Amino acid sequence: MNNVIGILGLAARARKIATGEIVLKKIRSNQAYLLIVADDIGENGKKKLIDKCVYYHVPYVFMNVEDLNIAIGDKNRKSVAILDRGFAQKLHACLKG
């Protein structure tokens, strides 16, 4: 998990992530390569994000909310879109495998 936190932290410092309401906009414009969703997100938010990911063919994974927020240096984010293909591939491999 430390490897995932490190990679996500690098992506955040490189400004290759999107959080908040911008996530849906990035998914719709095909600029998101991976969506990381907090495991404690509400059912309505989870359904909205996953439906958008399925429609626009964006892979998504779930992550512990504390680790997610530590990695990006924020207090209370429930989803993070990765905007770089390289970071997305590495994170997806680490979180799935």
# chains A, B, ... in the order shown; residues from 1 in each chain; ligands from 1
>>> residues_around(residues="Asn76 (chain A)", least_positions_apart="5", cutoff="12 Å", atoms="only C-alpha atoms", output="PyMOL selection string")
chain A and resi 19-20+38+40-41+64-71
>>> write_last_selection(atoms="all heavy atoms", output="tab-separated table (two decimals), in the first residue's frame")
chain	number	residue	atom	x	y	z
A	19	THR	N	-9.96	16.36	-8.41
A	19	THR	CA	-10.82	15.98	-7.29
A	19	THR	C	-12.07	16.84	-7.31
A	19	THR	O	-12.17	17.82	-8.05
A	19	THR	CB	-10.09	16.19	-5.94
A	19	THR	OG1	-9.72	17.57	-5.82
A	19	THR	CG2	-8.85	15.32	-5.84
A	20	GLY	N	-13.01	16.47	-6.50
A	20	GLY	CA	-14.24	17.25	-6.37
A	20	GLY	C	-15.15	17.12	-7.58
A	20	GLY	O	-15.22	16.08	-8.22
A	38	ALA	N	-13.16	6.32	-2.90
A	38	ALA	CA	-13.04	5.94	-1.49
A	38	ALA	C	-14.04	4.83	-1.17
A	38	ALA	O	-15.15	4.83	-1.69
A	38	ALA	CB	-13.29	7.15	-0.59
A	40	ASP	N	-15.72	4.30	1.45
A	40	ASP	CA	-16.86	4.68	2.29
A	40	ASP	C	-17.76	5.74	1.64
A	40	ASP	O	-18.54	6.40	2.32
A	40	ASP	CB	-16.37	5.16	3.65
A	40	ASP	CG	-15.66	6.50	3.58
A	40	ASP	OD1	-15.21	6.87	2.47
A	40	ASP	OD2	-15.56	7.17	4.62
A	41	ILE	N	-17.69	5.89	0.34
A	41	ILE	CA	-18.52	6.87	-0.37
A	41	ILE	C	-19.99	6.44	-0.29
A	41	ILE	O	-20.30	5.25	-0.20
A	41	ILE	CB	-18.06	7.03	-1.83
A	41	ILE	CG1	-18.70	8.25	-2.49
A	41	ILE	CG2	-18.32	5.78	-2.62
A	41	ILE	CD1	-18.09	8.60	-3.83
A	64	ASN	N	-8.95	2.70	0.43
A	64	ASN	CA	-9.24	3.15	1.78
A	64	ASN	C	-9.21	4.68	1.82
A	64	ASN	O	-8.29	5.31	1.30
A	64	ASN	CB	-8.19	2.57	2.74
A	64	ASN	CG	-8.47	2.90	4.18
A	64	ASN	OD1	-9.14	3.87	4.50
A	64	ASN	ND2	-7.94	2.08	5.05
A	65	VAL	N	-10.22	5.29	2.43
A	65	VAL	CA	-10.36	6.74	2.41
A	65	VAL	C	-9.20	7.44	3.13
A	65	VAL	O	-8.73	8.49	2.69
A	65	VAL	CB	-11.73	7.18	2.98
A	65	VAL	CG1	-11.86	6.88	4.45
A	65	VAL	CG2	-11.99	8.64	2.70
A	66	GLU	N	-8.70	6.87	4.22
A	66	GLU	CA	-7.60	7.50	4.95
A	66	GLU	C	-6.33	7.51	4.11
A	66	GLU	O	-5.63	8.52	4.03
A	66	GLU	CB	-7.33	6.78	6.28
A	66	GLU	CG	-8.41	6.99	7.33
A	66	GLU	CD	-9.51	5.95	7.24
A	66	GLU	OE1	-9.31	4.90	6.60
A	66	GLU	OE2	-10.59	6.20	7.80
A	67	ASP	N	-6.03	6.38	3.47
A	67	ASP	CA	-4.84	6.31	2.61
A	67	ASP	C	-4.96	7.25	1.42
A	67	ASP	O	-3.99	7.89	1.03
A	67	ASP	CB	-4.63	4.88	2.12
A	67	ASP	CG	-4.24	3.93	3.24
A	67	ASP	OD1	-3.76	4.40	4.28
A	67	ASP	OD2	-4.43	2.71	3.07
A	68	LEU	N	-6.15	7.33	0.86
A	68	LEU	CA	-6.38	8.21	-0.29
A	68	LEU	C	-6.11	9.66	0.07
A	68	LEU	O	-5.41	10.37	-0.65
A	68	LEU	CB	-7.82	8.03	-0.80
A	68	LEU	CG	-8.26	8.90	-1.96
A	68	LEU	CD1	-7.49	8.53	-3.21
A	68	LEU	CD2	-9.75	8.75	-2.21
A	69	ASN	N	-6.65	10.09	1.19
A	69	ASN	CA	-6.49	11.49	1.59
A	69	ASN	C	-5.08	11.81	2.06
A	69	ASN	O	-4.59	12.92	1.85
A	69	ASN	CB	-7.52	11.85	2.67
A	69	ASN	CG	-8.92	11.93	2.09
A	69	ASN	OD1	-9.11	12.43	1.00
A	69	ASN	ND2	-9.90	11.42	2.80
A	70	ILE	N	-4.39	10.85	2.66
A	70	ILE	CA	-2.99	11.05	3.04
A	70	ILE	C	-2.14	11.23	1.78
A	70	ILE	O	-1.28	12.10	1.70
A	70	ILE	CB	-2.47	9.87	3.89
A	70	ILE	CG1	-3.07	9.95	5.29
A	70	ILE	CG2	-0.95	9.87	3.97
A	70	ILE	CD1	-2.82	8.72	6.13
A	71	ALA	N	-2.40	10.40	0.78
A	71	ALA	CA	-1.60	10.42	-0.45
A	71	ALA	C	-1.73	11.73	-1.21
A	71	ALA	O	-0.74	12.27	-1.71
A	71	ALA	CB	-1.99	9.26	-1.35
>>> select_by_dssp(residues="region 46-75 of chain A", states="strand (DSSP E)", output="PyMOL selection string")
chain A and resi 60-63
>>> select_by_dssp(residues="region 5-35 of chain A", states="alpha helix (DSSP H)", output="ChimeraX atom specification")
/A:5-13,22-28
>>> write_last_selection(atoms="all heavy atoms", output="compact mmCIF listing (two decimals), in the first residue's frame")
# COMPACT_ATOMS: atom_id res chain seq x y z
N ILE A 5 0.47 4.75 -2.27
CA ILE A 5 0.43 6.09 -1.67
C ILE A 5 1.53 6.96 -2.27
O ILE A 5 1.30 8.13 -2.58
CB ILE A 5 0.54 6.01 -0.14
CG1 ILE A 5 -0.72 5.34 0.44
CG2 ILE A 5 0.74 7.37 0.48
CD1 ILE A 5 -0.64 5.04 1.92
N GLY A 6 2.71 6.40 -2.47
CA GLY A 6 3.81 7.15 -3.06
C GLY A 6 3.53 7.57 -4.49
O GLY A 6 3.78 8.72 -4.87
N ILE A 7 3.01 6.65 -5.29
CA ILE A 7 2.71 6.97 -6.69
C ILE A 7 1.60 8.01 -6.77
O ILE A 7 1.67 8.95 -7.56
CB ILE A 7 2.33 5.70 -7.47
CG1 ILE A 7 3.53 4.76 -7.54
CG2 ILE A 7 1.84 6.04 -8.87
CD1 ILE A 7 3.17 3.38 -8.03
N LEU A 8 0.57 7.85 -5.94
CA LEU A 8 -0.53 8.81 -5.93
C LEU A 8 -0.05 10.18 -5.46
O LEU A 8 -0.48 11.21 -5.99
CB LEU A 8 -1.67 8.29 -5.06
CG LEU A 8 -2.99 9.00 -5.14
CD1 LEU A 8 -3.48 9.11 -6.57
CD2 LEU A 8 -4.03 8.27 -4.30
N GLY A 9 0.86 10.20 -4.50
CA GLY A 9 1.44 11.46 -4.05
C GLY A 9 2.24 12.15 -5.15
O GLY A 9 2.17 13.36 -5.32
N LEU A 10 3.00 11.36 -5.92
CA LEU A 10 3.74 11.93 -7.05
C LEU A 10 2.79 12.51 -8.09
O LEU A 10 3.03 13.59 -8.64
CB LEU A 10 4.60 10.85 -7.71
CG LEU A 10 5.92 10.52 -7.03
CD1 LEU A 10 6.56 9.32 -7.72
CD2 LEU A 10 6.84 11.71 -7.05
N ALA A 11 1.71 11.79 -8.39
CA ALA A 11 0.72 12.28 -9.35
C ALA A 11 0.10 13.59 -8.87
O ALA A 11 -0.14 14.51 -9.66
CB ALA A 11 -0.34 11.23 -9.60
N ALA A 12 -0.16 13.68 -7.57
CA ALA A 12 -0.75 14.89 -7.02
C ALA A 12 0.22 16.07 -7.13
O ALA A 12 -0.17 17.17 -7.51
CB ALA A 12 -1.15 14.67 -5.57
N ARG A 13 1.50 15.82 -6.82
CA ARG A 13 2.49 16.89 -6.90
C ARG A 13 2.75 17.31 -8.35
O ARG A 13 3.10 18.45 -8.62
CB ARG A 13 3.78 16.47 -6.22
CG ARG A 13 3.67 16.52 -4.70
CD ARG A 13 5.00 16.31 -4.02
NE ARG A 13 5.55 14.98 -4.21
CZ ARG A 13 5.22 13.91 -3.49
NH1 ARG A 13 4.32 14.00 -2.54
NH2 ARG A 13 5.79 12.74 -3.72
N ILE A 22 -14.84 18.43 -10.41
CA ILE A 22 -14.10 18.40 -11.68
C ILE A 22 -13.95 16.97 -12.19
O ILE A 22 -13.77 16.75 -13.38
CB ILE A 22 -12.74 19.08 -11.49
CG1 ILE A 22 -12.94 20.53 -11.05
CG2 ILE A 22 -11.91 19.02 -12.76
CD1 ILE A 22 -11.68 21.22 -10.63
N VAL A 23 -14.06 15.99 -11.30
CA VAL A 23 -13.88 14.58 -11.67
C VAL A 23 -14.85 14.19 -12.78
O VAL A 23 -14.45 13.59 -13.79
CB VAL A 23 -14.04 13.66 -10.44
CG1 VAL A 23 -14.13 12.21 -10.85
CG2 VAL A 23 -12.89 13.87 -9.48
N LEU A 24 -16.13 14.51 -12.62
CA LEU A 24 -17.12 14.15 -13.64
C LEU A 24 -16.83 14.84 -14.97
O LEU A 24 -17.00 14.25 -16.04
CB LEU A 24 -18.53 14.49 -13.16
CG LEU A 24 -19.08 13.58 -12.07
CD1 LEU A 24 -20.43 14.10 -11.59
CD2 LEU A 24 -19.19 12.16 -12.55
N LYS A 25 -16.40 16.09 -14.90
CA LYS A 25 -16.07 16.83 -16.13
C LYS A 25 -14.90 16.17 -16.86
O LYS A 25 -14.91 16.05 -18.09
CB LYS A 25 -15.72 18.27 -15.77
CG LYS A 25 -15.55 19.17 -16.97
CD LYS A 25 -15.10 20.57 -16.58
CE LYS A 25 -16.14 21.25 -15.73
NZ LYS A 25 -15.78 22.65 -15.41
N LYS A 26 -13.89 15.74 -16.13
CA LYS A 26 -12.73 15.08 -16.74
C LYS A 26 -13.10 13.73 -17.33
O LYS A 26 -12.58 13.34 -18.38
CB LYS A 26 -11.60 14.91 -15.71
CG LYS A 26 -11.02 16.22 -15.23
CD LYS A 26 -10.33 16.98 -16.34
CE LYS A 26 -9.65 18.22 -15.79
NZ LYS A 26 -9.01 19.01 -16.83
N ILE A 27 -13.99 13.00 -16.68
CA ILE A 27 -14.45 11.71 -17.22
C ILE A 27 -15.20 11.94 -18.52
O ILE A 27 -14.96 11.25 -19.52
CB ILE A 27 -15.32 10.96 -16.19
CG1 ILE A 27 -14.46 10.51 -15.00
CG2 ILE A 27 -15.99 9.75 -16.84
CD1 ILE A 27 -15.27 9.93 -13.86
N ARG A 28 -16.11 12.91 -18.52
CA ARG A 28 -16.91 13.20 -19.72
C ARG A 28 -16.04 13.66 -20.90
O ARG A 28 -16.36 13.39 -22.05
CB ARG A 28 -17.95 14.27 -19.43
CG ARG A 28 -19.13 13.76 -18.68
CD ARG A 28 -20.21 14.84 -18.60
NE ARG A 28 -20.98 14.65 -17.40
CZ ARG A 28 -21.02 15.49 -16.39
NH1 ARG A 28 -20.34 16.62 -16.42
NH2 ARG A 28 -21.75 15.22 -15.33
>>> closest_residue(among="A:Cys94, A:Gly42, A:Val37, A:Asn3", to="Tyr60 (chain A)", atoms="only C-alpha atoms")
A:Val37
>>> closest_residue(among="A:Arg85, A:Arg15, A:Tyr33, A:Asp39", to="Ile72 (chain A)", atoms="only C-alpha atoms")
A:Arg15
>>> closest_residue(among="A:Tyr55, A:Met1, A:Gln31, A:Ala18", to="Lys96 (chain A)", atoms="only C-alpha atoms")
A:Met1
>>> closest_residue(among="A:Val54, A:Ile17, A:Leu34, A:Leu49", to="Lys90 (chain A)", atoms="only C-alpha atoms")
A:Leu34
>>> atom_distance(atom1="CA of Val58 (chain A)", atom2="CA of Gly73 (chain A)")
23.9 Å
>>> residues_around(residues="Leu35 (chain A)", least_positions_apart="3", cutoff="8 Å", atoms="only C-alpha atoms", output="number ranges by chain")
A: 32, 53, 58-61, 79-82
>>> closest_residue(among="A:Ala93, A:Lys78, A:Val4, A:Gly86", to="Gly45 (chain A)", atoms="only C-alpha atoms")
A:Lys78
>>> closest_residue(among="A:Leu91, A:Leu83, A:Arg77, A:Ile36", to="Ala14 (chain A)", atoms="only C-alpha atoms")
A:Leu83
>>> decode(residues="region 7-41 of chain A", atoms="N, CA and C atoms", output="PDB file, in the first residue's frame")
ATOM      1  N   ILE A   7       3.012   6.650  -5.293  1.00  0.00           N
ATOM      2  CA  ILE A   7       2.706   6.974  -6.692  1.00  0.00           C
ATOM      3  C   ILE A   7       1.596   8.014  -6.767  1.00  0.00           C
ATOM      4  N   LEU A   8       0.574   7.851  -5.944  1.00  0.00           N
ATOM      5  CA  LEU A   8      -0.532   8.810  -5.932  1.00  0.00           C
ATOM      6  C   LEU A   8      -0.055  10.182  -5.460  1.00  0.00           C
ATOM      7  N   GLY A   9       0.858  10.202  -4.503  1.00  0.00           N
ATOM      8  CA  GLY A   9       1.443  11.463  -4.054  1.00  0.00           C
ATOM      9  C   GLY A   9       2.235  12.147  -5.151  1.00  0.00           C
ATOM     10  N   LEU A  10       2.999  11.364  -5.922  1.00  0.00           N
ATOM     11  CA  LEU A  10       3.737  11.931  -7.054  1.00  0.00           C
ATOM     12  C   LEU A  10       2.789  12.512  -8.093  1.00  0.00           C
ATOM     13  N   ALA A  11       1.709  11.791  -8.389  1.00  0.00           N
ATOM     14  CA  ALA A  11       0.725  12.284  -9.354  1.00  0.00           C
ATOM     15  C   ALA A  11       0.095  13.589  -8.867  1.00  0.00           C
ATOM     16  N   ALA A  12      -0.161  13.676  -7.575  1.00  0.00           N
ATOM     17  CA  ALA A  12      -0.752  14.894  -7.016  1.00  0.00           C
ATOM     18  C   ALA A  12       0.225  16.067  -7.129  1.00  0.00           C
ATOM     19  N   ARG A  13       1.498  15.817  -6.816  1.00  0.00           N
ATOM     20  CA  ARG A  13       2.487  16.893  -6.905  1.00  0.00           C
ATOM     21  C   ARG A  13       2.745  17.307  -8.349  1.00  0.00           C
ATOM     22  N   ALA A  14       2.549  16.371  -9.277  1.00  0.00           N
ATOM     23  CA  ALA A  14       2.723  16.691 -10.699  1.00  0.00           C
ATOM     24  C   ALA A  14       1.461  17.314 -11.292  1.00  0.00           C
ATOM     25  N   ARG A  15       0.449  17.493 -10.481  1.00  0.00           N
ATOM     26  CA  ARG A  15      -0.843  18.060 -10.907  1.00  0.00           C
ATOM     27  C   ARG A  15      -1.485  17.240 -12.013  1.00  0.00           C
ATOM     28  N   LYS A  16      -1.435  15.925 -11.834  1.00  0.00           N
ATOM     29  CA  LYS A  16      -2.044  14.999 -12.791  1.00  0.00           C
ATOM     30  C   LYS A  16      -3.251  14.304 -12.181  1.00  0.00           C
ATOM     31  N   ILE A  17      -3.904  14.968 -11.221  1.00  0.00           N
ATOM     32  CA  ILE A  17      -5.120  14.433 -10.624  1.00  0.00           C
ATOM     33  C   ILE A  17      -6.212  15.501 -10.645  1.00  0.00           C
ATOM     34  N   ALA A  18      -7.440  15.040 -10.514  1.00  0.00           N
ATOM     35  CA  ALA A  18      -8.577  15.957 -10.365  1.00  0.00           C
ATOM     36  C   ALA A  18      -9.427  15.442  -9.214  1.00  0.00           C
ATOM     37  N   THR A  19      -9.965  16.357  -8.412  1.00  0.00           N
ATOM     38  CA  THR A  19     -10.815  15.982  -7.288  1.00  0.00           C
ATOM     39  C   THR A  19     -12.072  16.839  -7.312  1.00  0.00           C
ATOM     40  N   GLY A  20     -13.011  16.465  -6.502  1.00  0.00           N
ATOM     41  CA  GLY A  20     -14.237  17.245  -6.372  1.00  0.00           C
ATOM     42  C   GLY A  20     -15.148  17.123  -7.576  1.00  0.00           C
ATOM     43  N   GLU A  21     -15.833  18.200  -7.890  1.00  0.00           N
ATOM     44  CA  GLU A  21     -16.791  18.195  -8.990  1.00  0.00           C
ATOM     45  C   GLU A  21     -16.126  18.135 -10.360  1.00  0.00           C
ATOM     46  N   ILE A  22     -14.842  18.434 -10.413  1.00  0.00           N
ATOM     47  CA  ILE A  22     -14.105  18.400 -11.676  1.00  0.00           C
ATOM     48  C   ILE A  22     -13.953  16.968 -12.187  1.00  0.00           C
ATOM     49  N   VAL A  23     -14.055  15.986 -11.297  1.00  0.00           N
ATOM     50  CA  VAL A  23     -13.880  14.579 -11.675  1.00  0.00           C
ATOM     51  C   VAL A  23     -14.851  14.190 -12.783  1.00  0.00           C
ATOM     52  N   LEU A  24     -16.127  14.508 -12.622  1.00  0.00           N
ATOM     53  CA  LEU A  24     -17.121  14.148 -13.641  1.00  0.00           C
ATOM     54  C   LEU A  24     -16.834  14.840 -14.971  1.00  0.00           C
ATOM     55  N   LYS A  25     -16.395  16.090 -14.901  1.00  0.00           N
ATOM     56  CA  LYS A  25     -16.066  16.830 -16.131  1.00  0.00           C
ATOM     57  C   LYS A  25     -14.898  16.174 -16.862  1.00  0.00           C
ATOM     58  N   LYS A  26     -13.893  15.736 -16.126  1.00  0.00           N
ATOM     59  CA  LYS A  26     -12.732  15.082 -16.735  1.00  0.00           C
ATOM     60  C   LYS A  26     -13.104  13.725 -17.328  1.00  0.00           C
ATOM     61  N   ILE A  27     -13.992  13.003 -16.680  1.00  0.00           N
ATOM     62  CA  ILE A  27     -14.449  11.714 -17.219  1.00  0.00           C
ATOM     63  C   ILE A  27     -15.200  11.944 -18.522  1.00  0.00           C
ATOM     64  N   ARG A  28     -16.113  12.911 -18.521  1.00  0.00           N
ATOM     65  CA  ARG A  28     -16.908  13.199 -19.724  1.00  0.00           C
ATOM     66  C   ARG A  28     -16.041  13.660 -20.901  1.00  0.00           C
ATOM     67  N   SER A  29     -14.964  14.361 -20.626  1.00  0.00           N
ATOM     68  CA  SER A  29     -14.115  14.879 -21.698  1.00  0.00           C
ATOM     69  C   SER A  29     -12.987  13.907 -22.066  1.00  0.00           C
ATOM     70  N   ASN A  30     -13.052  12.687 -21.579  1.00  0.00           N
ATOM     71  CA  ASN A  30     -12.062  11.635 -21.864  1.00  0.00           C
ATOM     72  C   ASN A  30     -10.641  12.038 -21.471  1.00  0.00           C
ATOM     73  N   GLN A  31     -10.501  12.786 -20.399  1.00  0.00           N
ATOM     74  CA  GLN A  31      -9.183  13.166 -19.894  1.00  0.00           C
ATOM     75  C   GLN A  31      -8.775  12.336 -18.690  1.00  0.00           C
ATOM     76  N   ALA A  32      -9.683  11.518 -18.160  1.00  0.00           N
ATOM     77  CA  ALA A  32      -9.377  10.675 -16.998  1.00  0.00           C
ATOM     78  C   ALA A  32      -9.038   9.271 -17.476  1.00  0.00           C
ATOM     79  N   TYR A  33      -7.944   8.733 -16.937  1.00  0.00           N
ATOM     80  CA  TYR A  33      -7.518   7.389 -17.312  1.00  0.00           C
ATOM     81  C   TYR A  33      -7.810   6.368 -16.217  1.00  0.00           C
ATOM     82  N   LEU A  34      -8.072   6.831 -15.001  1.00  0.00           N
ATOM     83  CA  LEU A  34      -8.396   5.953 -13.879  1.00  0.00           C
ATOM     84  C   LEU A  34      -9.147   6.770 -12.846  1.00  0.00           C
ATOM     85  N   LEU A  35     -10.125   6.150 -12.219  1.00  0.00           N
ATOM     86  CA  LEU A  35     -10.847   6.798 -11.125  1.00  0.00           C
ATOM     87  C   LEU A  35     -10.617   5.983  -9.868  1.00  0.00           C
ATOM     88  N   ILE A  36     -10.160   6.638  -8.820  1.00  0.00           N
ATOM     89  CA  ILE A  36      -9.997   5.996  -7.520  1.00  0.00           C
ATOM     90  C   ILE A  36     -11.116   6.511  -6.627  1.00  0.00           C
ATOM     91  N   VAL A  37     -11.914   5.590  -6.105  1.00  0.00           N
ATOM     92  CA  VAL A  37     -13.075   5.933  -5.292  1.00  0.00           C
ATOM     93  C   VAL A  37     -12.829   5.467  -3.864  1.00  0.00           C
ATOM     94  N   ALA A  38     -13.164   6.319  -2.896  1.00  0.00           N
ATOM     95  CA  ALA A  38     -13.042   5.940  -1.487  1.00  0.00           C
ATOM     96  C   ALA A  38     -14.036   4.835  -1.173  1.00  0.00           C
ATOM     97  N   ASP A  39     -13.626   3.916  -0.308  1.00  0.00           N
ATOM     98  CA  ASP A  39     -14.482   2.769  -0.013  1.00  0.00           C
ATOM     99  C   ASP A  39     -15.691   3.116   0.853  1.00  0.00           C
ATOM    100  N   ASP A  40     -15.722   4.302   1.445  1.00  0.00           N
ATOM    101  CA  ASP A  40     -16.860   4.677   2.286  1.00  0.00           C
ATOM    102  C   ASP A  40     -17.758   5.743   1.641  1.00  0.00           C
ATOM    103  N   ILE A  41     -17.693   5.889   0.335  1.00  0.00           N
ATOM    104  CA  ILE A  41     -18.520   6.867  -0.368  1.00  0.00           C
ATOM    105  C   ILE A  41     -19.987   6.440  -0.286  1.00  0.00           C
TER     106      ILE A  41
END
